[in-house]
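Chemist: Can you keep this structure in mind? I'll have questions shortly.
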Amino acid sequence: QVQLVESGGGLVQAGGSLRLSCAASGRFFVTYVMGWFRQAPGKERESVGAISNSDGSTWHADSVKGRFTISRDNAKNTVYLQMNSLKPEDTAVYYCAARLSYYSREIVDGSENYDYWGQGTQVTVSS
C-alpha cells in the first residue's frame with residue numbers, strides 16, 4: 001500500500017506561482033512513475049504531466065508546457081509540481097498519482113494506468 005499526501009495548494013492571483021508537493025510512503029518510491037492530474041468543477045480529470053522512475057524523463061500536457069515543471073527528490077520520497085504564470089483556467093483540485101510499473105509516454109497521461117492516488121489539493125487562481 002502506497003500513501004500519497006499532497007500539499008502546497010492555495011489561492012493565488014493570475015500570473016503568480018505555486019509549488020505543489022506530494023510525499024509518498026514506502027521504501028520503493030524510486031521505482032514509481034509519478035503523475036500529476038487535475039480536475040476542475042464539472043470537468044473530467046485531466047493529466048498535467050508525469051516523471052519517469054528511471055532516467056527522470058518528464059512529460060507535460062500542452063496546456064501547461066512551459067509554465068509547469070515536474071520534478072522528484074527520491075531521497076525525500078517527494079514529487080513536485082512547480083506552477084508558474086498561473087491562469088484562472090488552472091483552477092482545479094490537483095492530484096498526484098503513483099504507477100508501480102514502467103514509464104511510457106504513450107500511457108502516463110491515462111489515469112487508469114496509475115495504482116495509487118492522493119487526496120488532492122485545491123488550487124484557485126483569481127483573475
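To be explicit about the labels: the chains of the C-alpha cells are called A, B, and onward in the order shown, and within each one the residues are counted from 1, while ligands get numbers from 1 in the order they are shown.
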From chain A, collect each residue whose DSSP state is strand (DSSP E) and return the set as a PyMOL selection string.

Modeler: chain A and resi 4-7+10-13+18-24+33-39+46-51+58-60+68-73+78-83+92-99+116-117+121-126

Chemist: Per DSSP on the backbone, what are the helix (DSSP H, G or I) residues of segment 24-123 of chain A, as a list in words?

Modeler: Phe29, Val30, Thr31, Asn74, Ala75, Lys76, Pro88, Glu89, Asp90, Ser111, Glu112 and Asn113 of chain A

Chemist: Can you write just those residues out, C-alpha atoms, as a compact mmCIF listing (two decimals), in the first residue's frame?

Modeler:
```txt
# COMPACT_ATOMS: atom_id res chain seq x y z
CA PHE A 29 9.49 5.46 -4.21
CA VAL A 30 12.41 5.44 -6.62
CA THR A 31 10.64 2.70 -8.60
CA ASN A 74 13.97 10.34 -4.38
CA ALA A 75 15.85 10.92 -1.13
CA LYS A 76 12.76 12.67 0.23
CA PRO A 88 -7.67 31.27 -13.87
CA GLU A 89 -8.24 28.19 -16.02
CA ASP A 90 -5.64 26.35 -13.92
CA SER A 111 -5.49 8.00 -15.10
CA GLU A 112 -6.40 4.31 -15.46
CA ASN A 113 -2.69 3.47 -15.60
```

Chemist: Between atom CA of Tyr114 of chain A and atom CA of Val12 of chain A, what distance in Å does the model show, to one decimal?

Modeler: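 Atom CA of Tyr114 of chain A sits 29.0 Å away from atom CA of Val12 of chain A.
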
Chemist: Counting only C-alpha atoms, what are the residues of segment 45-92 of chain A within 12 Å of segment 4-10 of chain A, and for each of them which pair of atoms is the nearest and at what distance in Å, to one decimal? Sort the table by chain and rising number, as a Markdown table.

Modeler:
```
| residue | atom | partner | partner_atom | distance |
| --- | --- | --- | --- | --- |
| A:Asn77 | CA | A:Leu4 | CA | 9.8 |
| A:Thr78 | CA | A:Leu4 | CA | 9.2 |
| A:Val79 | CA | A:Glu6 | CA | 9.3 |
| A:Tyr80 | CA | A:Glu6 | CA | 9.3 |
| A:Leu81 | CA | A:Gly8 | CA | 9.5 |
| A:Gln82 | CA | A:Gly8 | CA | 10.1 |
| A:Met83 | CA | A:Gly9 | CA | 10.5 |
| A:Asp90 | CA | A:Gly9 | CA | 11.8 |
| A:Thr91 | CA | A:Gly10 | CA | 9.9 |
| A:Ala92 | CA | A:Gly9 | CA | 9.8 |
```

Chemist: Taking 4 positions as the minimum chain separation for residues in the same chain, which residues sit within 9 Å of Gln13 of chain A when counting only C-alpha atoms? Answer as a list in words.

Modeler: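 In the requested format, the answer is Ser17, Leu86, Lys87, Pro88, Thr124, Val125, Ser126 and Ser127 of chain A.
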
Chemist: With N, CA, C and O atoms kept, could you save the residues just selected as a JSON list (two decimals), in the first residue's frame?

Modeler:
```json
[["chain", "number", "residue", "atom", "x", "y", "z"],
["A", 17, "SER", "N", 2.73, 32.13, -8.79],
["A", 17, "SER", "CA", 3.32, 30.80, -8.77],
["A", 17, "SER", "C", 2.94, 30.04, -7.51],
["A", 17, "SER", "O", 2.67, 30.65, -6.47],
["A", 86, "LEU", "N", 0.48, 31.31, -13.56],
["A", 86, "LEU", "CA", -0.82, 30.66, -13.38],
["A", 86, "LEU", "C", -1.94, 31.49, -13.99],
["A", 86, "LEU", "O", -1.91, 32.72, -14.00],
["A", 87, "LYS", "N", -2.93, 30.76, -14.50],
["A", 87, "LYS", "CA", -4.08, 31.37, -15.15],
["A", 87, "LYS", "C", -5.35, 30.92, -14.41],
["A", 87, "LYS", "O", -5.36, 29.85, -13.78],
["A", 88, "PRO", "N", -6.41, 31.69, -14.53],
["A", 88, "PRO", "CA", -7.67, 31.27, -13.87],
["A", 88, "PRO", "C", -8.12, 29.88, -14.31],
["A", 88, "PRO", "O", -8.69, 29.13, -13.49],
["A", 124, "THR", "N", -6.58, 27.59, -6.54],
["A", 124, "THR", "CA", -7.52, 28.58, -7.06],
["A", 124, "THR", "C", -6.74, 29.79, -7.55],
["A", 124, "THR", "O", -5.95, 30.36, -6.79],
["A", 125, "VAL", "N", -6.96, 30.14, -8.80],
["A", 125, "VAL", "CA", -6.27, 31.27, -9.41],
["A", 125, "VAL", "C", -7.30, 32.36, -9.71],
["A", 125, "VAL", "O", -8.24, 32.13, -10.48],
["A", 126, "SER", "N", -7.12, 33.49, -9.09],
["A", 126, "SER", "CA", -8.06, 34.60, -9.28],
["A", 126, "SER", "C", -7.58, 35.51, -10.39],
["A", 126, "SER", "O", -6.38, 35.69, -10.62],
["A", 127, "SER", "N", -8.55, 36.10, -11.08],
["A", 127, "SER", "CA", -8.21, 36.97, -12.21],
["A", 127, "SER", "C", -8.02, 38.42, -11.77],
["A", 127, "SER", "O", -8.30, 38.77, -10.64]]
```
